[in-house]
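Everything below belongs to upload06.pdb, which stores PDB, C-alpha atoms.
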MODEL        1
ATOM      1  CA  MET A 270     -14.897  -8.502 -29.637
ATOM      2  CA  PRO A 271     -16.333  -6.160 -26.973
ATOM      3  CA  ARG A 272     -14.762  -6.485 -23.564
ATOM      4  CA  MET A 273     -16.450  -6.551 -20.168
ATOM      5  CA  LEU A 274     -14.426  -3.533 -19.067
ATOM      6  CA  ASP A 275     -15.155  -0.922 -16.439
ATOM      7  CA  VAL A 276     -13.550   2.425 -17.293
ATOM      8  CA  SER A 277     -14.011   4.977 -14.526
ATOM      9  CA  GLU A 278     -14.508   8.652 -15.237
ATOM     10  CA  ASP A 279     -11.078   9.379 -13.776
ATOM     11  CA  VAL A 280      -9.410   6.856 -16.083
ATOM     12  CA  ARG A 281     -11.377   8.155 -19.067
ATOM     13  CA  ALA A 282     -10.300  11.705 -18.274
ATOM     14  CA  GLU A 283      -6.661  10.631 -18.274
ATOM     15  CA  ILE A 284      -6.623   8.487 -21.412
ATOM     16  CA  GLY A 285      -9.257  10.370 -23.426
ATOM     17  CA  ASP A 286     -12.653   9.349 -24.803
ATOM     18  CA  ALA A 287     -11.252   7.896 -28.031
ATOM     19  CA  GLU A 288      -8.862   5.514 -26.266
ATOM     20  CA  ALA A 289     -11.508   4.546 -23.713
ATOM     21  CA  ASP A 290     -13.970   3.708 -26.483
ATOM     22  CA  ARG A 291     -11.340   1.638 -28.302
ATOM     23  CA  LEU A 292     -10.757  -0.358 -25.135
ATOM     24  CA  LEU A 293     -14.461  -1.007 -24.660
ATOM     25  CA  VAL A 294     -14.939  -2.375 -28.197
ATOM     26  CA  GLY A 295     -11.949  -4.675 -27.835
ATOM     27  CA  ASP A 296      -9.148  -2.665 -29.438
ATOM     28  CA  ASN A 297      -5.949  -2.270 -27.396
ATOM     29  CA  ALA A 298      -7.358  -4.440 -24.600
ATOM     30  CA  PRO A 299      -6.187  -7.985 -23.943
ATOM     31  CA  GLY A 300      -8.657 -10.826 -23.595
ATOM     32  CA  SER A 301      -6.603 -12.560 -20.930
ATOM     33  CA  TYR A 302      -4.487 -10.732 -18.356
ATOM     34  CA  ASP A 303      -2.880 -11.114 -14.957
ATOM     35  CA  CYS A 304      -4.877  -9.163 -12.371
ATOM     36  CA  THR A 305      -2.796  -6.246 -11.111
ATOM     37  CA  SER A 306      -4.262  -6.795  -7.640
ATOM     38  CA  CYS A 307      -4.336 -10.534  -6.936
ATOM     39  CA  ARG A 308      -1.902 -11.583  -9.720
ATOM     40  CA  THR A 309      -4.127 -14.430 -10.879
ATOM     41  CA  PRO A 310      -5.350 -14.799 -14.499
ATOM     42  CA  GLY A 311      -8.396 -12.932 -15.721
ATOM     43  CA  ASP A 312     -10.362 -12.780 -18.963
ATOM     44  CA  SER A 313     -12.055  -9.551 -20.015
ATOM     45  CA  GLU A 314     -14.255 -11.471 -22.452
ATOM     46  CA  GLN A 315     -15.693 -13.623 -19.678
ATOM     47  CA  GLU A 316     -15.683 -11.546 -16.489
ATOM     48  CA  ARG A 317     -16.078  -7.949 -15.433
ATOM     49  CA  THR A 318     -12.675  -6.283 -15.553
ATOM     50  CA  SER A 319     -11.430  -2.973 -14.145
ATOM     51  CA  THR A 320      -9.023  -0.703 -16.014
ATOM     52  CA  VAL A 321      -6.407   0.664 -13.600
ATOM     53  CA  LEU A 322      -4.145   3.492 -14.733
ATOM     54  CA  PHE A 323      -0.856   3.857 -12.847
ATOM     55  CA  VAL A 324       0.487   7.377 -13.326
ATOM     56  CA  GLY A 325       3.990   8.604 -12.495
ATOM     57  CA  GLU A 326       5.653  11.925 -13.197
ATOM     58  CA  GLU A 327       6.503  10.999 -16.787
ATOM     59  CA  THR A 328       5.126   7.507 -17.305
ATOM     60  CA  ALA A 329       1.634   6.022 -17.336
ATOM     61  CA  VAL A 330       0.814   2.317 -17.456
ATOM     62  CA  LEU A 331      -2.661   0.886 -18.066
ATOM     63  CA  ALA A 332      -3.278  -2.369 -16.234
ATOM     64  CA  PHE A 333      -6.248  -4.641 -15.725
ATOM     65  CA  ALA A 334      -7.784  -6.229 -12.641
ATOM     66  CA  HIS A 335     -10.759  -8.342 -11.681
ATOM     67  CA  ALA A 336     -13.605  -5.959 -10.878
ATOM     68  CA  THR A 337     -14.173  -8.059  -7.745
ATOM     69  CA  CYS A 338     -10.645  -7.157  -6.571
ATOM     70  CA  ILE A 339     -10.520  -3.395  -7.131
ATOM     71  CA  PRO A 340     -12.592  -0.819  -9.011
ATOM     72  CA  SER A 341     -11.399   1.058 -12.078
ATOM     73  CA  GLN A 342      -9.271   3.952 -10.863
ATOM     74  CA  VAL A 343      -6.220   6.148 -11.346
ATOM     75  CA  VAL A 344      -3.357   5.364  -8.973
ATOM     76  CA  GLN A 345      -0.584   7.901  -8.518
ATOM     77  CA  VAL A 346       2.777   6.204  -7.945
ATOM     78  CA  ALA A 347       6.377   7.330  -7.769
ATOM     79  CA  GLU A 348       8.012   7.502 -11.204
ATOM     80  CA  GLU A 349      10.797   5.232 -10.049
ATOM     81  CA  GLN A 350       8.354   2.603  -8.820
ATOM     82  CA  LEU A 351       6.475   2.753 -12.092
ATOM     83  CA  GLN A 352       9.664   2.423 -14.128
ATOM     84  CA  GLY A 353      10.551  -0.595 -12.029
ATOM     85  CA  ALA A 354       7.174  -2.142 -12.814
ATOM     86  CA  VAL A 355       7.696  -1.523 -16.526
ATOM     87  CA  ARG A 356      11.117  -3.190 -16.374
ATOM     88  CA  SER A 357       9.558  -6.110 -14.548
ATOM     89  CA  ILE A 358       6.810  -6.454 -17.146
ATOM     90  CA  THR A 359       9.310  -6.379 -19.997
ATOM     91  CA  GLY A 360      11.523  -8.874 -18.202
ATOM     92  CA  SER A 361      14.545  -6.603 -17.992
ATOM     93  CA  GLU A 362      14.488  -6.414 -14.202
ATOM     94  CA  GLN A 363      12.531  -8.082 -11.441
ATOM     95  CA  ASP A 364      12.096  -5.181  -9.039
ATOM     96  CA  ALA A 365      10.764  -5.943  -5.612
ATOM     97  CA  PRO A 366       7.532  -4.111  -4.788
ATOM     98  CA  GLY A 367       7.852  -1.474  -2.146
ATOM     99  CA  ARG A 368      11.471  -0.703  -3.075
ATOM    100  CA  LEU A 369      12.046   2.871  -2.056
ATOM    101  CA  THR A 370      15.060   3.620  -4.237
ATOM    102  CA  PRO A 371      17.546   1.410  -6.095
ATOM    103  CA  GLU A 372      19.742  -0.587  -3.731
ATOM    104  CA  GLN A 373      17.577   0.270  -0.751
ATOM    105  CA  ALA A 374      15.449  -1.938   1.429
ATOM    106  CA  VAL A 375      11.959  -3.318   0.942
ATOM    107  CA  LEU A 376       9.252  -2.413   3.459
ATOM    108  CA  GLY A 377       7.788  -5.383   5.277
ATOM    109  CA  ILE A 378       4.337  -5.143   6.868
ATOM    110  CA  THR A 379       2.830  -7.306   9.591
ATOM    111  CA  SER A 380      -0.794  -7.076  10.733
ATOM    112  CA  GLY A 381      -1.956  -7.669  14.279
ATOM    113  CA  LEU A 382      -4.308  -6.539  17.034
ATOM    114  CA  VAL A 383      -2.986  -4.211  19.743
ATOM    115  CA  LEU A 384      -4.711  -3.873  23.130
ATOM    116  CA  ILE A 385      -4.923  -0.284  24.414
ATOM    117  CA  ASP A 386      -7.222   0.691  27.297
ATOM    118  CA  ASP A 387      -8.959  -2.707  27.177
ATOM    119  CA  GLU A 388      -9.856  -2.249  23.501
ATOM    120  CA  LEU A 389      -8.408  -4.151  20.574
ATOM    121  CA  HIS A 390      -7.155  -1.963  17.739
ATOM    122  CA  PRO A 391      -6.178  -3.168  14.242
ATOM    123  CA  ALA A 392      -2.519  -2.388  13.667
ATOM    124  CA  LEU A 393       0.131  -2.631  10.980
ATOM    125  CA  VAL A 394       3.809  -2.837  11.847
ATOM    126  CA  VAL A 395       6.204  -1.544   9.188
ATOM    127  CA  GLU A 396       9.842  -2.593   9.262
ATOM    128  CA  PRO A 397      12.310  -2.306   6.365
ATOM    129  CA  THR A 398      14.626  -5.188   5.510
ATOM    130  CA  GLY A 399      17.608  -2.835   5.730
ATOM    131  CA  ALA A 400      18.709   0.730   6.359
ATOM    132  CA  ILE A 401      16.795   3.486   4.559
ATOM    133  CA  ALA A 402      18.748   6.407   3.141
ATOM    134  CA  ARG A 403      17.324   9.827   2.469
ATOM    135  CA  PRO A 404      16.297  10.101  -1.221
ATOM    136  CA  GLY A 405      18.965  11.739  -3.324
ATOM    137  CA  THR A 406      21.811  10.800  -0.978
ATOM    138  CA  ASP A 407      24.419   8.059  -1.098
ATOM    139  CA  GLY A 408      23.378   6.624   2.247
ATOM    140  CA  SER A 409      26.404   7.892   4.139
ATOM    141  CA  GLY A 410      24.105   9.588   6.623
ATOM    142  CA  GLY A 411      23.030   6.227   8.029
ATOM    143  CA  ASP A 412      19.522   4.875   8.539
ATOM    144  CA  GLU A 413      17.059   7.771   8.321
ATOM    145  CA  PHE A 414      13.852   5.748   8.231
ATOM    146  CA  LEU A 415      12.415   7.129  11.473
ATOM    147  CA  GLN A 416      13.494  10.694  10.754
ATOM    148  CA  LEU A 417      11.839  10.598   7.325
ATOM    149  CA  LEU A 418       8.594   9.388   8.910
ATOM    150  CA  LEU A 419       8.753  12.049  11.621
ATOM    151  CA  GLU A 420       9.015  14.640   8.869
ATOM    152  CA  GLN A 421       5.862  13.154   7.319
ATOM    153  CA  GLY A 422       3.907  13.569  10.562
ATOM    154  CA  PHE A 423       4.448  10.294  12.430
ATOM    155  CA  ARG A 424       5.018  10.740  16.174
ATOM    156  CA  PRO A 425       7.436   8.994  18.550
ATOM    157  CA  VAL A 426       5.997   6.222  20.715
ATOM    158  CA  HIS A 427       7.504   5.848  24.184
ATOM    159  CA  ARG A 428       4.840   3.589  25.693
ATOM    160  CA  MET A 429       2.183   1.361  24.141
ATOM    161  CA  ASP A 430      -0.640   2.722  26.304
ATOM    162  CA  GLN A 431      -2.010   5.468  24.054
ATOM    163  CA  VAL A 432      -3.687   5.513  20.657
ATOM    164  CA  PRO A 433      -1.535   7.466  18.173
ATOM    165  CA  ASP A 434      -2.841  10.701  16.664
ATOM    166  CA  VAL A 435      -4.515  10.607  13.261
ATOM    167  CA  LEU A 436      -2.182  11.460  10.380
ATOM    168  CA  HIS A 437      -4.374  13.424   7.987
ATOM    169  CA  GLY A 438      -3.998  12.707   4.294
ATOM    170  CA  TRP A 439      -2.771   9.155   4.846
ATOM    171  CA  SER A 440      -5.059   6.123   4.654
ATOM    172  CA  ILE A 441      -5.153   2.337   4.504
ATOM    173  CA  LEU A 442      -6.580   0.791   1.343
ATOM    174  CA  LEU A 443      -8.546  -2.347   2.159
ATOM    175  CA  ALA A 444     -10.504  -4.008  -0.660
ATOM    176  CA  MET A 445     -12.527  -7.206  -0.480
ATOM    177  CA  GLY A 446     -11.237  -7.700   3.045
ATOM    178  CA  GLN A 447      -7.579  -7.686   1.973
ATOM    179  CA  LEU A 448      -4.837  -5.116   2.479
ATOM    180  CA  HIS A 449      -3.717  -3.448  -0.748
ATOM    181  CA  ALA A 450      -1.767  -0.310   0.122
ATOM    182  CA  VAL A 451      -0.804   2.423   2.529
ATOM    183  CA  LEU A 452      -1.561   5.723   0.817
ATOM    184  CA  GLN A 453       0.083   9.079   1.441
ATOM    185  CA  PRO A 454      -0.832  12.554   0.175
ATOM    186  CA  GLY A 455       0.166  13.394  -3.382
ATOM    187  CA  THR A 456       2.464  16.297  -4.089
ATOM    188  CA  GLY A 457       0.855  19.688  -4.491
ATOM    189  CA  GLY A 458      -2.466  18.481  -3.164
ATOM    190  CA  GLY A 459      -2.786  15.836  -5.892
ATOM    191  CA  ALA A 460      -4.334  12.383  -5.644
ATOM    192  CA  PRO A 461      -2.956  10.054  -2.928
ATOM    193  CA  VAL A 462       0.015   7.896  -3.898
ATOM    194  CA  ALA A 463       1.060   4.497  -2.628
ATOM    195  CA  TRP A 464       3.697   4.733   0.096
ATOM    196  CA  TRP A 465       3.568   0.932   0.367
ATOM    197  CA  GLN A 466       1.751  -1.321  -2.072
ATOM    198  CA  ALA A 467       1.251  -5.062  -1.811
ATOM    199  CA  HIS A 468       2.628  -7.209  -4.611
ATOM    200  CA  ALA A 469      -0.386  -9.417  -3.920
ATOM    201  CA  PRO A 470      -3.204  -8.490  -1.506
ATOM    202  CA  LEU A 471      -2.211  -9.179   2.085
ATOM    203  CA  GLN A 472      -4.535 -11.470   3.973
ATOM    204  CA  VAL A 473      -5.696 -10.268   7.392
ATOM    205  CA  THR A 474      -7.521 -12.200  10.071
ATOM    206  CA  GLU A 475     -11.268 -12.024  10.556
ATOM    207  CA  GLY A 476     -10.692 -10.396  13.945
ATOM    208  CA  TRP A 477      -8.442  -7.736  12.435
ATOM    209  CA  ARG A 478     -10.934  -6.999   9.664
ATOM    210  CA  THR A 479     -13.824  -6.798  12.138
ATOM    211  CA  ALA A 480     -11.916  -4.373  14.351
ATOM    212  CA  ALA A 481     -10.919  -2.249  11.348
ATOM    213  CA  ASN A 482     -14.470  -2.053  10.051
ATOM    214  CA  LYS A 483     -15.698  -1.112  13.528
ATOM    215  CA  SER A 484     -13.218   1.706  14.153
ATOM    216  CA  GLN A 485     -12.595   2.686  10.504
ATOM    217  CA  THR A 486      -9.044   3.415  11.684
ATOM    218  CA  VAL A 487      -5.795   1.449  11.588
ATOM    219  CA  LEU A 488      -2.799   2.094  13.853
ATOM    220  CA  VAL A 489       0.477   2.078  11.916
ATOM    221  CA  TYR A 490       3.707   1.503  13.824
ATOM    222  CA  ALA A 491       7.132   1.745  12.201
ATOM    223  CA  ALA A 492      10.585   0.786  13.404
ATOM    224  CA  PRO A 493      14.065   0.505  11.857
ATOM    225  CA  ALA A 494      15.332  -2.759  10.391
ATOM    226  CA  GLY A 495      15.988  -5.406  13.010
ATOM    227  CA  SER A 496      13.882  -3.769  15.727
ATOM    228  CA  ILE A 497      10.760  -5.943  15.574
ATOM    229  CA  GLY A 498      11.378  -9.029  13.433
ATOM    230  CA  GLN A 499       8.874 -11.618  12.294
ATOM    231  CA  GLN A 500       6.926 -12.539  15.428
ATOM    232  CA  PRO A 501       4.732 -15.673  15.218
ATOM    233  CA  ARG A 502       2.239 -14.514  17.867
ATOM    234  CA  GLU A 503       0.561 -11.227  18.732
ATOM    235  CA  ASP A 504       1.816 -11.321  22.326
ATOM    236  CA  LEU A 505       5.387 -11.585  21.051
ATOM    237  CA  LEU A 506       4.712  -8.786  18.573
ATOM    238  CA  ARG A 507       3.440  -6.618  21.434
ATOM    239  CA  ASP A 508       6.570  -7.388  23.452
ATOM    240  CA  ALA A 509       8.766  -6.407  20.497
ATOM    241  CA  LEU A 510       6.838  -3.156  20.036
ATOM    242  CA  GLU A 511       7.157  -2.282  23.710
ATOM    243  CA  LYS A 512      10.900  -2.973  23.609
ATOM    244  CA  ALA A 513      11.318  -0.785  20.495
ATOM    245  CA  ALA A 514       9.284   1.999  22.117
ATOM    246  CA  ALA A 515      11.354   1.879  25.292
ATOM    247  CA  GLY A 516      14.484   2.151  23.171
ATOM    248  CA  GLY A 517      13.235   5.181  21.251
ATOM    249  CA  LEU A 518      12.962   3.164  18.031
ATOM    250  CA  LEU A 519       9.216   3.353  17.371
ATOM    251  CA  VAL A 520       6.973   5.895  15.653
ATOM    252  CA  ALA A 521       3.270   5.631  14.912
ATOM    253  CA  ALA A 522       0.195   7.228  13.403
ATOM    254  CA  ALA A 523      -3.497   6.394  13.134
ATOM    255  CA  MET A 524      -4.866   6.274   9.597
ATOM    256  CA  PRO A 525      -8.453   6.144   8.364
ATOM    257  CA  LEU A 526      -9.619   3.082   6.504
ATOM    258  CA  ALA A 527     -10.345   3.361   2.804
ATOM    259  CA  GLY A 528     -12.441   0.531   1.399
ATOM    260  CA  THR A 529     -14.070  -2.384   3.166
TER     261      THR A 529
ENDMDL
END

Could the structure of this file be written out as structure tokens, please?
Amino acid sequence: MPRMLDVSEDVRAEIGDAEADRLLVGDNAPGSYDCTSCRTPGDSEQERTSTVLFVGEETAVLAFAHATCIPSQVVQVAEEQLQGAVRSITGSEQDAPGRLTPEQAVLGITSGLVLIDDELHPALVVEPTGAIARPGTDGSGGDEFLQLLLEQGFRPVHRMDQVPDVLHGWSILLAMGQLHAVLQPGTGGGAPVAWWQAHAPLQVTEGWRTAANKSQTVLVYAAPAGSIGQQPREDLLRDALEKAAAGGLLVAAAMPLAGT
């Protein structure tokens, strides 16, 4: 039976016309699925469905999502992250999303509004659950989270009274008013890849969304594990950020908003 599938030109180019046509007529496409964005059930026979192709260095996985969640697209991801997703799908391993490398920490993200020069700015605070080792090492060099981000273009924050510089090539993916991913430039000038990707879309407040849509920019702050913590209020989050900055434990960048 034909499916209500959206297959973007980028996805079609990757999988080929023959495979795309087979999907559209109902071959090789499930009727029911779990949306790769919101993780709730979907039915391609009853509702418009997006085909989403996750592409790693050696592996590609075709997934499905409600068209109201995300459009059909190609998403470049790290091979290791993609392999972890495959293992999770097959039940051989339940990898945590956002895992940087095996036996390393998961990135946690908190959203909040930050007041700078009497203006509220939408912000994300990134803090790993543990020490981050440099890829390809055994971790004996200690926590290199901040150094790795500095090498990517983040800048140290000493006081919370200035808006960070824009980090070109990075962006914040917001779809249907929910946070989906932090994207970084692909290797060799390729398509952006997910530096952090939500297991399920992250809810943000109406005030945060309004501020983000107004400025089209999100401030991203990052600190080592244990520097910020889970703060129940924005004033406490601000205090924790100021303390981390004073201690030389905070880096930041401004990133353009992708989506709505």

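Nearest residue to A:Leu488, choosing from A:Leu389, A:Ala460, A:Val276, A:Leu419 and counting all atoms listed in the file: A:Leu389.
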
Subject >> Shortest interatomic distance to A:Val343 - which of A:Ala463, A:Ala400, A:Thr309, A:Arg291, counting all atoms listed in the file >> reply: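 Of all the options, A:Ala463 lies closest to A:Val343.
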
Original post:
Is there a way to get, as a PyMOL selection string, all residues within 7 Å of the point (-4.1, -9.0, 21.1) in file coordinates, counting all atoms listed in the file?
Top reply: chain A and resi 382-384+389+503-504

Original post:
Nearest to A:Ala392: which of A:Gln466, A:Thr320, A:Gln485, A:Thr456 is it, counting all atoms listed in the file?
Top reply: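 Closest to A:Ala392 of all the choices is A:Gln485.
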
Subject >> Point-to-point distance from atom CA of A:Glu283 to atom CA of A:Gly446, Å rounded to tenths >> reply: 28.5 Å

**OP:** List every protein, DNA or RNA residue that has at least one atom no more than 12 Å from (8.9, -4.5, 7.3) in the file's coordinates, counting only C-alpha atoms, and write the result as a PyMOL selection string.
**Re:** chain A and resi 367-368+374-380+393-401+414+465+467+489-500

**OP:** Decode the PyMOL selection byres ((chain A and resi 292) around 12) for the given file into explicit residues and return them as a ChimeraX atom specification.
**Re:** /A:270-276,280-281,284-291,293-300,313-314,318-320,331-333

**OP:** Would you write out, as a PyMOL selection string, every residue that the PyMOL selection byres ((chain A and resi 437) around 9) captures in this file?
**Re:** chain A and resi 422+435-436+438-440+454+523-525

Original post:
Mind telling me what the PyMOL selection byres ((chain A and resi 342) around 7) catches here, as number ranges by chain?
Top reply: A: 277, 279-280, 320-322, 340-341, 343-344

Original post:
Interatomic distance between atom CA of A:Asp303 and atom CA of A:His449?
Top reply: 16.2 Å

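Taking atom CA of A:Ala521 as the reference point, atom CA of A:Pro425 is found at 6.5 Å.
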